[in-house]
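Here is model.cif, consisting of mmCIF, C-alpha atoms and all ligand atoms:
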data_entry
loop_
_atom_site.label_atom_id
_atom_site.label_comp_id
_atom_site.auth_asym_id
_atom_site.auth_seq_id
_atom_site.Cartn_x
_atom_site.Cartn_y
_atom_site.Cartn_z
CA MET A 30 119.98 73.27 69.18
CA LYS A 31 121.76 76.53 69.91
CA SER A 32 122.38 78.97 67.08
CA LYS A 33 126.04 78.92 65.89
CA LEU A 34 125.85 82.61 65.20
CA ALA A 35 124.72 83.26 68.79
CA ILE A 36 127.66 81.22 70.15
CA ALA A 37 130.09 83.10 67.84
CA VAL A 38 128.72 86.49 68.99
CA ILE A 39 129.07 85.52 72.67
CA LEU A 40 132.63 84.20 72.14
CA PHE A 41 133.53 87.37 70.22
CA GLY A 42 132.36 89.48 73.17
CA TRP A 43 134.51 87.46 75.58
CA VAL A 44 137.55 87.54 73.28
CA ILE A 45 137.40 91.36 73.17
CA PHE A 46 137.05 91.50 76.94
CA ILE A 47 139.90 89.04 77.68
CA THR A 48 142.21 90.63 75.07
CA TYR A 49 141.65 94.04 76.66
CA ILE A 50 142.35 92.70 80.18
CA LEU A 51 145.57 90.97 78.98
CA ALA A 52 146.70 94.15 77.20
CA GLU A 53 146.08 96.22 80.34
CA TYR A 54 147.92 93.69 82.50
CA ARG A 55 150.93 93.62 80.22
CA GLU A 56 151.17 97.37 80.23
CA TYR A 57 150.27 98.20 83.83
CA GLY A 58 150.79 94.90 85.67
CA SER A 59 149.14 95.02 89.08
CA GLY A 60 148.25 98.64 88.51
CA MET A 61 145.93 97.82 85.66
CA PHE A 62 142.68 98.11 87.73
CA LYS A 63 143.79 101.56 88.87
CA HIS A 64 144.29 102.55 85.24
CA ILE A 65 141.00 101.00 84.11
CA PHE A 66 138.89 102.77 86.73
CA THR A 67 140.77 106.12 86.48
CA LEU A 68 138.36 108.71 85.19
CA ASP A 69 140.94 111.16 83.76
CA SER A 70 140.88 109.69 80.27
CA SER A 71 139.21 111.41 77.33
CA SER A 72 135.46 110.85 76.88
CA MET A 73 136.09 108.69 73.77
CA ALA A 74 138.62 106.52 75.63
CA LEU A 75 136.16 106.18 78.50
CA PHE A 76 133.37 105.12 76.11
CA ASN A 77 135.68 102.48 74.51
CA ARG A 78 136.62 101.17 77.91
CA VAL A 79 132.99 100.80 79.06
CA PHE A 80 132.07 99.16 75.73
CA ILE A 81 134.91 96.60 76.01
CA LEU A 82 134.22 95.85 79.66
CA THR A 83 130.50 95.21 78.99
CA ALA A 84 131.18 93.26 75.76
CA PRO A 85 130.44 89.82 77.38
CA ILE A 86 127.06 91.09 78.64
CA GLY A 87 126.17 92.72 75.29
CA SER A 88 127.27 89.73 73.26
CA GLY A 89 125.33 87.46 75.66
CA ILE A 90 122.12 89.48 75.07
CA VAL A 91 122.62 89.60 71.29
CA GLY A 92 123.44 85.85 71.26
CA TYR A 93 120.29 85.13 73.29
CA LEU A 94 118.14 87.16 70.88
CA ILE A 95 119.70 85.44 67.84
CA ASN A 96 118.99 82.06 69.42
CA GLU A 97 115.38 82.99 70.20
CA ARG A 98 114.92 84.21 66.62
CA LYS A 99 116.23 80.89 65.33
CA LYS A 100 113.77 78.96 67.55
CA LEU A 101 110.88 81.13 66.33
CA LEU A 102 111.90 80.57 62.73
CA GLU A 103 112.05 76.81 63.29
CA LYS A 104 108.60 76.86 64.88
CA THR A 105 107.17 78.84 61.97
CA GLN A 106 108.72 76.44 59.46
CA LEU A 107 107.23 73.47 61.38
CA SER A 108 103.78 75.08 61.38
CA GLU A 109 104.01 75.77 57.67
CA LYS A 110 104.95 72.13 57.03
CA GLN A 111 102.05 70.94 59.18
CA ILE A 112 99.66 73.26 57.33
CA GLU A 113 101.01 72.05 53.99
CA HIS A 114 100.63 68.43 55.11
CA ALA A 115 97.08 69.03 56.34
CA ALA A 116 96.23 70.75 53.06
CA ARG A 117 97.59 67.75 51.11
CA GLU A 118 95.54 65.36 53.29
CA TRP A 119 92.45 67.52 52.89
CA ARG A 120 92.89 67.63 49.11
CA ALA A 121 93.37 63.83 48.96
CA THR A 122 90.25 63.32 51.10
CA PHE A 123 88.32 65.83 49.02
CA ASP A 124 89.32 64.05 45.80
CA SER A 125 88.69 60.54 47.14
CA MET A 126 85.01 61.27 47.93
CA PRO A 127 82.66 59.06 45.87
CA TYR A 128 80.63 62.09 44.81
CA GLY A 129 81.19 65.56 43.44
CA ILE A 130 81.90 68.35 45.91
CA MET A 131 82.12 72.08 45.28
CA LEU A 132 82.49 75.08 47.55
CA ILE A 133 80.38 77.88 46.16
CA ASP A 134 79.83 81.43 47.42
CA SER A 135 76.45 83.13 47.59
CA GLU A 136 77.16 84.71 44.17
CA PHE A 137 77.29 81.16 42.73
CA ASN A 138 81.06 81.28 42.00
CA VAL A 139 82.97 78.02 42.54
CA SER A 140 86.01 78.37 44.80
CA ARG A 141 86.85 74.65 45.17
CA ALA A 142 85.90 71.50 43.27
CA ASN A 143 87.12 67.93 43.63
CA SER A 144 88.30 65.56 40.89
CA TYR A 145 85.12 63.50 41.09
CA MET A 146 83.11 66.62 40.24
CA ALA A 147 85.40 67.20 37.27
CA ASN A 148 84.95 63.58 36.07
CA LEU A 149 81.21 63.75 36.66
CA SER A 150 80.72 66.96 34.72
CA GLY A 151 83.44 66.28 32.16
CA ILE A 152 84.96 69.68 32.99
CA PRO A 153 88.52 69.99 34.43
CA VAL A 154 88.79 71.35 38.00
CA LYS A 155 90.68 74.42 36.75
CA GLU A 156 87.79 75.38 34.49
CA LEU A 157 85.22 74.74 37.22
CA VAL A 158 86.85 77.32 39.51
CA LEU A 159 87.28 79.95 36.81
CA ASP A 160 85.36 83.17 37.10
CA LYS A 161 82.13 81.48 36.09
CA LYS A 162 78.85 80.74 37.80
CA TYR A 163 78.44 77.10 38.76
CA TYR A 164 75.33 76.65 36.58
CA GLU A 165 77.24 77.83 33.52
CA THR A 166 79.65 74.90 33.84
CA ILE A 167 77.56 72.22 35.57
CA HIS A 168 74.20 72.83 33.90
CA LYS A 169 75.41 74.72 30.79
CA SER A 170 72.66 77.27 31.41
CA ASP A 171 72.49 81.03 31.88
CA ALA A 172 70.57 80.82 35.15
CA PRO A 173 70.05 78.38 38.04
CA ILE A 174 67.88 75.39 37.08
CA ASP A 175 64.29 75.05 38.32
CA GLY A 176 64.22 74.14 42.02
CA CYS A 177 67.97 74.85 42.37
CA PRO A 178 68.91 73.77 45.95
CA LEU A 179 71.59 76.49 46.17
CA VAL A 180 69.05 79.25 45.50
CA LYS A 181 66.81 77.70 48.17
CA SER A 182 69.67 77.27 50.64
CA VAL A 183 70.71 80.93 50.25
CA LYS A 184 67.12 81.85 51.19
CA THR A 185 66.50 79.31 53.95
CA GLN A 186 70.07 79.08 55.31
CA SER A 187 69.56 75.33 55.71
CA THR A 188 70.30 72.14 53.78
CA GLU A 189 68.32 71.78 50.55
CA THR A 190 68.08 68.82 48.15
CA LEU A 191 67.01 68.30 44.53
CA GLU A 192 66.86 65.23 42.31
CA TYR A 193 67.04 65.94 38.59
CA TYR A 194 67.76 64.40 35.21
CA ASP A 195 70.61 65.80 33.12
CA SER A 196 69.61 65.16 29.51
CA GLY A 197 73.07 66.16 28.25
CA LEU A 198 74.80 63.50 30.35
CA ASP A 199 71.79 61.14 30.34
CA LYS A 200 72.16 60.75 34.10
CA TYR A 201 70.10 61.27 37.23
CA PHE A 202 71.64 63.34 40.04
CA ARG A 203 70.87 64.24 43.64
CA ALA A 204 72.20 67.70 44.54
CA ILE A 205 72.54 68.56 48.26
CA VAL A 206 73.53 72.05 49.35
CA THR A 207 74.54 72.91 52.93
CA PRO A 208 75.61 76.37 54.15
CA VAL A 209 78.96 76.65 56.00
CA PHE A 210 78.76 79.32 58.70
CA ARG A 211 82.06 81.16 59.22
CA GLU A 212 80.56 83.69 61.57
CA LYS A 213 77.38 83.49 63.60
CA ASN A 214 74.39 83.34 61.20
CA THR A 215 76.55 84.39 58.25
CA PRO A 216 77.38 81.64 55.79
CA GLY A 217 80.79 82.02 54.25
CA ALA A 218 80.20 79.42 51.57
CA TYR A 219 77.95 76.56 50.51
CA VAL A 220 78.98 72.93 50.16
CA TYR A 221 77.42 71.54 46.98
CA LEU A 222 77.32 67.72 46.80
CA LEU A 223 76.42 66.09 43.50
CA ILE A 224 75.64 62.36 43.65
CA ASP A 225 75.11 60.21 40.56
CA ILE A 226 71.92 58.22 41.31
CA THR A 227 71.41 56.84 37.79
CA ASP A 228 71.87 53.20 38.95
CA THR A 229 69.46 53.67 41.84
CA LYS A 230 66.92 55.31 39.53
CA GLU A 231 67.23 52.49 36.98
CA LYS A 232 66.72 49.90 39.73
CA GLU A 233 63.77 51.91 41.01
CA THR A 234 62.28 52.02 37.49
CA LYS A 235 62.77 48.26 37.06
CA LEU A 236 61.19 47.67 40.46
CA THR A 237 58.21 49.87 39.51
CA GLN A 238 57.88 48.02 36.19
CA ALA A 239 58.02 44.66 37.99
CA LYS A 240 55.44 45.89 40.49
CA ASP A 241 53.16 47.13 37.67
CA ALA A 242 53.58 43.80 35.84
CA PHE A 243 52.69 41.95 39.03
CA PHE A 244 49.60 44.10 39.60
CA ASN A 245 48.55 43.62 35.95
CA MET A 246 48.94 39.87 36.43
CA LEU A 247 46.77 40.09 39.56
CA LYS A 248 44.20 42.06 37.56
CA ASP A 249 44.24 39.39 34.83
CA LEU A 250 43.85 36.71 37.48
CA ASP A 251 40.98 38.66 39.00
CA VAL A 252 39.29 38.92 35.59
CA MET A 253 39.85 35.18 35.03
CA TYR A 254 38.50 34.43 38.50
CA LYS A 255 35.40 36.55 37.81
CA GLU A 256 34.91 34.82 34.45
CA GLN A 257 35.20 31.40 36.14
CA LYS A 258 32.81 32.54 38.84
CA ASP A 259 30.34 33.75 36.20
CA ILE A 260 30.55 30.38 34.43
CA TYR A 261 30.05 28.60 37.75
CA ASN A 262 27.06 30.82 38.70
CA ASN A 263 25.48 30.39 35.27
CA LEU A 264 25.91 26.60 35.52
CA VAL A 265 24.23 26.60 38.93
CA ILE A 266 21.35 28.72 37.54
CA ALA A 267 21.09 26.39 34.52
CA PHE A 268 20.82 23.38 36.86
CA SER A 269 18.13 25.08 38.93
CA ASN A 270 16.21 25.89 35.72
CA VAL A 271 16.40 22.22 34.74
CA ILE A 272 14.98 21.22 38.14
CA ASP A 273 12.20 23.83 38.04
CA ALA A 274 11.31 22.91 34.44
CA LYS A 275 10.47 19.32 35.39
CA SER A 276 6.97 20.40 36.37
CA PRO A 277 4.83 23.44 35.49
CA TRP A 278 3.88 23.60 39.20
CA THR A 279 7.44 24.14 40.34
CA LYS A 280 8.32 26.85 37.79
CA ASN A 281 10.70 29.43 39.34
CA HIS A 282 10.55 27.56 42.70
CA SER A 283 14.35 27.32 43.16
CA ARG A 284 14.85 30.96 42.17
CA ASN A 285 12.09 32.13 44.55
CA VAL A 286 13.39 30.01 47.46
CA THR A 287 16.86 31.48 46.85
CA ALA A 288 15.50 35.07 46.89
CA TYR A 289 13.60 34.45 50.18
CA ALA A 290 16.53 32.66 51.83
CA VAL A 291 18.98 35.42 50.86
CA THR A 292 16.57 38.09 52.17
CA ILE A 293 16.21 36.24 55.49
CA ALA A 294 20.00 35.77 55.77
CA ARG A 295 20.65 39.43 55.04
CA GLU A 296 17.99 40.49 57.56
CA MET A 297 19.70 38.29 60.17
CA GLY A 298 22.99 40.10 59.48
CA LEU A 299 24.92 37.09 58.15
CA ARG A 300 28.29 37.58 56.47
CA GLU A 301 28.36 38.04 52.69
CA GLN A 302 30.31 34.79 52.21
CA ASP A 303 27.62 32.85 54.15
CA ILE A 304 24.90 34.54 52.08
CA GLU A 305 26.72 33.25 48.96
CA ILE A 306 26.63 29.69 50.34
CA ILE A 307 22.89 30.07 51.05
CA ARG A 308 22.33 31.44 47.51
CA THR A 309 24.01 28.41 45.87
CA ALA A 310 22.21 25.98 48.17
CA GLY A 311 18.87 27.69 47.39
CA LEU A 312 19.35 27.27 43.64
CA LEU A 313 20.36 23.58 43.98
CA HIS A 314 18.31 22.46 47.02
CA ASP A 315 15.90 20.32 44.97
CA ILE A 316 18.48 18.93 42.50
CA GLY A 317 17.68 15.43 43.82
CA LYS A 318 14.25 15.72 42.12
CA ILE A 319 16.00 15.18 38.76
CA GLY A 320 15.68 11.46 39.48
CA THR A 321 11.98 11.67 40.53
CA TYR A 322 9.34 10.69 38.01
CA ASP A 323 7.61 13.70 36.42
CA VAL A 324 4.21 11.97 36.80
CA ILE A 325 4.57 12.09 40.57
CA LEU A 326 5.56 15.76 40.57
CA ASP A 327 2.70 16.64 38.20
CA LYS A 328 0.08 14.47 39.95
CA PRO A 329 -3.05 16.58 40.55
CA ASP A 330 -4.21 14.44 43.47
CA LYS A 331 -2.70 13.83 46.86
CA LEU A 332 0.36 11.51 46.73
CA THR A 333 0.15 7.99 48.08
CA ASP A 334 2.52 6.96 50.86
CA GLU A 335 4.73 5.12 48.34
CA GLU A 336 4.84 8.14 46.02
CA PHE A 337 5.63 10.47 48.93
CA ALA A 338 8.39 8.11 50.02
CA LEU A 339 9.90 8.45 46.53
CA VAL A 340 9.66 12.28 46.66
CA LYS A 341 11.32 12.33 50.12
CA LYS A 342 14.38 10.63 48.67
CA HIS A 343 15.29 13.83 46.71
CA THR A 344 17.15 15.27 49.74
CA VAL A 345 19.60 12.34 49.99
CA LYS A 346 19.85 11.98 46.19
CA GLY A 347 20.64 15.69 45.90
CA GLU A 348 23.44 15.30 48.44
CA GLU A 349 24.81 12.28 46.48
CA ILE A 350 24.70 14.17 43.16
CA LEU A 351 26.64 17.17 44.52
CA LYS A 352 29.08 15.28 46.77
CA PRO A 353 31.75 14.66 44.07
CA ILE A 354 31.82 18.33 43.06
CA LYS A 355 34.75 20.13 44.69
CA GLY A 356 33.84 23.45 46.30
CA LEU A 357 30.23 22.50 47.07
CA GLU A 358 31.01 20.60 50.30
CA ASN A 359 29.64 23.45 52.45
CA ILE A 360 26.14 23.30 50.90
CA LEU A 361 25.68 19.51 51.31
CA PRO A 362 24.18 19.73 54.88
CA MET A 363 21.60 22.24 53.56
CA ILE A 364 20.68 20.01 50.61
CA ARG A 365 20.22 16.98 52.86
CA SER A 366 18.43 18.71 55.74
CA HIS A 367 16.19 21.31 54.08
CA HIS A 368 13.07 19.24 54.90
CA GLU A 369 13.90 18.62 58.57
CA ARG A 370 11.56 20.17 61.14
CA ILE A 371 12.21 21.61 64.60
CA ASP A 372 9.89 19.02 66.23
CA GLY A 373 11.70 16.12 64.53
CA THR A 374 8.85 15.23 62.12
CA GLY A 375 10.88 16.14 59.00
CA TYR A 376 13.06 13.98 56.76
CA PRO A 377 15.42 12.30 55.87
CA ASP A 378 16.96 12.01 59.38
CA GLY A 379 14.20 13.28 61.67
CA LEU A 380 16.61 15.79 63.24
CA LYS A 381 15.31 18.04 66.03
CA GLY A 382 16.01 21.65 67.07
CA GLU A 383 19.70 22.52 67.26
CA LYS A 384 20.67 19.26 65.49
CA ILE A 385 19.38 20.75 62.23
CA PRO A 386 22.13 22.77 60.46
CA PHE A 387 21.45 26.50 60.95
CA PHE A 388 21.56 27.41 57.24
CA ALA A 389 19.26 24.45 56.44
CA LYS A 390 16.67 25.99 58.80
CA ILE A 391 16.74 29.24 56.78
CA LEU A 392 16.35 27.25 53.54
CA CYS A 393 13.53 25.23 55.08
CA VAL A 394 11.55 28.40 56.00
CA ALA A 395 12.10 29.91 52.50
CA ASP A 396 11.14 26.60 50.82
CA ALA A 397 8.02 26.17 52.96
CA TYR A 398 6.90 29.78 52.38
CA ASP A 399 7.21 29.48 48.57
CA SER A 400 5.45 26.07 48.57
CA ILE A 401 2.53 27.39 50.64
CA ILE A 402 1.89 30.52 48.53
CA SER A 403 2.22 28.66 45.18
CA GLU A 404 -0.63 27.17 43.15
CA ARG A 405 -0.83 23.38 43.23
CA PRO A 406 -2.82 20.99 40.98
CA TYR A 407 -4.88 19.94 43.99
CA ARG A 408 -5.46 23.46 45.53
CA SER A 409 -5.35 27.17 44.81
CA ALA A 410 -2.76 29.58 46.34
CA PRO A 411 -3.77 30.35 49.98
CA GLY A 412 -1.99 33.76 50.21
CA LYS A 413 0.93 35.27 52.14
CA ASP A 414 -0.87 35.84 55.47
CA TYR A 415 -1.85 32.19 55.64
CA ALA A 416 1.72 31.18 54.79
CA ILE A 417 3.17 33.37 57.57
CA SER A 418 0.67 32.07 60.16
CA GLU A 419 1.51 28.49 59.10
CA LEU A 420 5.21 29.16 59.53
CA LYS A 421 4.65 30.69 62.97
FE FE B 501 12.72 20.05 48.51
#
Take the structure in the file and write it out as structure tokens.
Ligand SMILES: [Fe+2]
Amino acid sequence: MKSKLAIAVILFGWVIFITYILAEYREYGSGMFKHIFTLDSSSMALFNRVFILTAPIGSGIVGYLINERKKLLEKTQLSEKQIEHAAREWRATFDSMPYGIMLIDSEFNVSRANSYMANLSGIPVKELVLDKKYYETIHKSDAPIDGCPLVKSVKTQSTETLEYYDSGLDKYFRAIVTPVFREKNTPGAYVYLLIDITDTKEKETKLTQAKDAFFNMLKDLDVMYKEQKDIYNNLVIAFSNVIDAKSPWTKNHSRNVTAYAVTIAREMGLREQDIEIIRTAGLLHDIGKIGTYDVILDKPDKLTDEEFALVKKHTVKGEEILKPIKGLENILPMIRSHHERIDGTGYPDGLKGEKIPFFAKILCVADAYDSIISERPYRSAPGKDYAISELK
């Protein structure tokens, strides 16, 4: 829109010009041009005449300048409004952030702080931006706190973070400081973010407590499992002692067979869990002899066929005794087959070669070795070399 003042100035210029022309015409009629352009007038009259004749041009220029000035003024006012609007938006955004924000210079003075920061610290924004160091208001201390991220950021010129506990507010915070570079490599200020992480920390603590409780429970279970295992092992040893005690000639037999079988298994590189199976089977391999008459086991002379037939039953009886016990299923084939022989002359099933369970073969060798080197009522101990040659 054109400036009214500019229009008025232009019109004024034309009014002067037209009035002058009309006055000349009235006085000189058709001779007015001759009068206007006659140069015999006084210098003052000549100046007035030139001024009046050029009034439309002069008023046009002045009007144009006034109009341009008005446009410039309008533009400036618009820019100021836009800046004011942007500042209001920025302030609203700044205040709506879900964490505290401060702008701090390298001397630690706060130049801006949002409402959240004020609520968080319990200090009004106006007081935060007073001529005070940020640590005087935020940390209520005379110097930056240990590990202060602002001190670090001033040194490193990069983002620095610190988690800390504020005992005064009884809250945990995460402080993040980032330099704002106004010129190349020269930070103009530092953005200081302060996030309340108390809830997260409490959840983390509860999670750690739950984890510790779970691990303690696992430890208790482990202790209970070991206690159960000890009871189980002691029971197995007690059973083997009962078997070995039936005859003075079989004293420590089960324990010795177990030691030999475990040594063989270890030498063959078997897994520890398989060695455990062999150990249990070794201790219980003759449990079927519980039902065999002591007189037969103690007999100083060679057994009759009938007596030997009774002794041979201990493999099957042993399997029957242990069958109902849960967890001992894997040793049953060893109990039943520990008297089988590669050539099929063993008992109770006369199995041959690969048909004999592998672990039963180990037990068979250990059992045979201990039987050969032991004293018997009907013979003296023949020695280890003889035993080894017999086995071969
Ligand atoms: Fe046996």
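Nearest to Val209 of chain A of all the residues A:Ser409, A:Ile325, A:Leu132, A:Asp303 is A:Leu132, counting all atoms listed in the file.
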Open item on the list: Nearest residue to Ala288 of chain A out of A:Val324, A:Ile260, A:Leu101, A:Ala395, using only C-alpha atoms?
Closed with: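 Smallest separation from Ala288 of chain A among the options: A:Ala395.
Separating atom CA of Lys63 of chain A from atom CA of Ile81 of chain A is a distance of 16.4 Å.
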- [ ] Work out how far apart atom CA of Ala116 of chain A and atom CA of Arg141 of chain A are and give it in Å to one decimal.
- [x] 12.9 Å
With a cut-off of 7 Å, could you pull out the residues of chain A touching ligand FE 501 (chain B) and give me the nearest pair of atoms for each, distance in Å to one decimal, using only C-alpha atoms and all ligand atoms, ordered by chain and ascending number, as a Markdown table?
| residue | atom | partner | partner_atom | distance |
| --- | --- | --- | --- | --- |
| A:His314 | CA | B:FE501 | FE | 6.3 |
| A:Asp315 | CA | B:FE501 | FE | 4.8 |
| A:His343 | CA | B:FE501 | FE | 7.0 |
| A:Thr344 | CA | B:FE501 | FE | 6.6 |
| A:His367 | CA | B:FE501 | FE | 6.7 |
| A:His368 | CA | B:FE501 | FE | 6.5 |
TODO: Find the residue from A:Ile350, A:Ala142, A:Leu82, A:Leu326 that sits nearest to Lys280 of chain A; use only C-alpha atoms when measuring.
DONE: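 The shortest atom-to-atom distance to Lys280 of chain A comes from A:Leu326.
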Task: Straight-line distance linking atom CA of Thr207 of chain A with atom CA of Ser187 of chain A, stated in Å to one decimal - done: 6.2 Å
Open item on the list: Just checking: using all atoms listed in the file, which residue out of A:Gly58, A:Asp251, A:Gly42, A:Val206 ends up closest to Thr83 of chain A?
Closed with: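 Nearest candidate to Thr83 of chain A out of A:Gly58, A:Asp251, A:Gly42, A:Val206: A:Gly42.
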Open item on the list: Env of segment 162-166 of chain A: 8 Å cut, atoms = all atoms listed in the file, seq-sep filter 6 positions within chain, self excluded. Answer as a ChimeraX atom specification.
Closed with: /A:133,136-139,152,172-174
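All protein and nucleic acid residues in the vicinity of (79.0, 62.3, 38.0), that is within 6 Å when counting all atoms listed in the file, are A:Leu149, A:Ser150, A:Asp225.
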Open item on the list: Using all atoms listed in the file, which protein or nucleic acid residues come within 12 Å of Lys331 of chain A? Drop anything in the same chain fewer than 3 positions from it, and give the result as a ChimeraX atom specification.
Closed with: /A:325-328,334-337,405-408
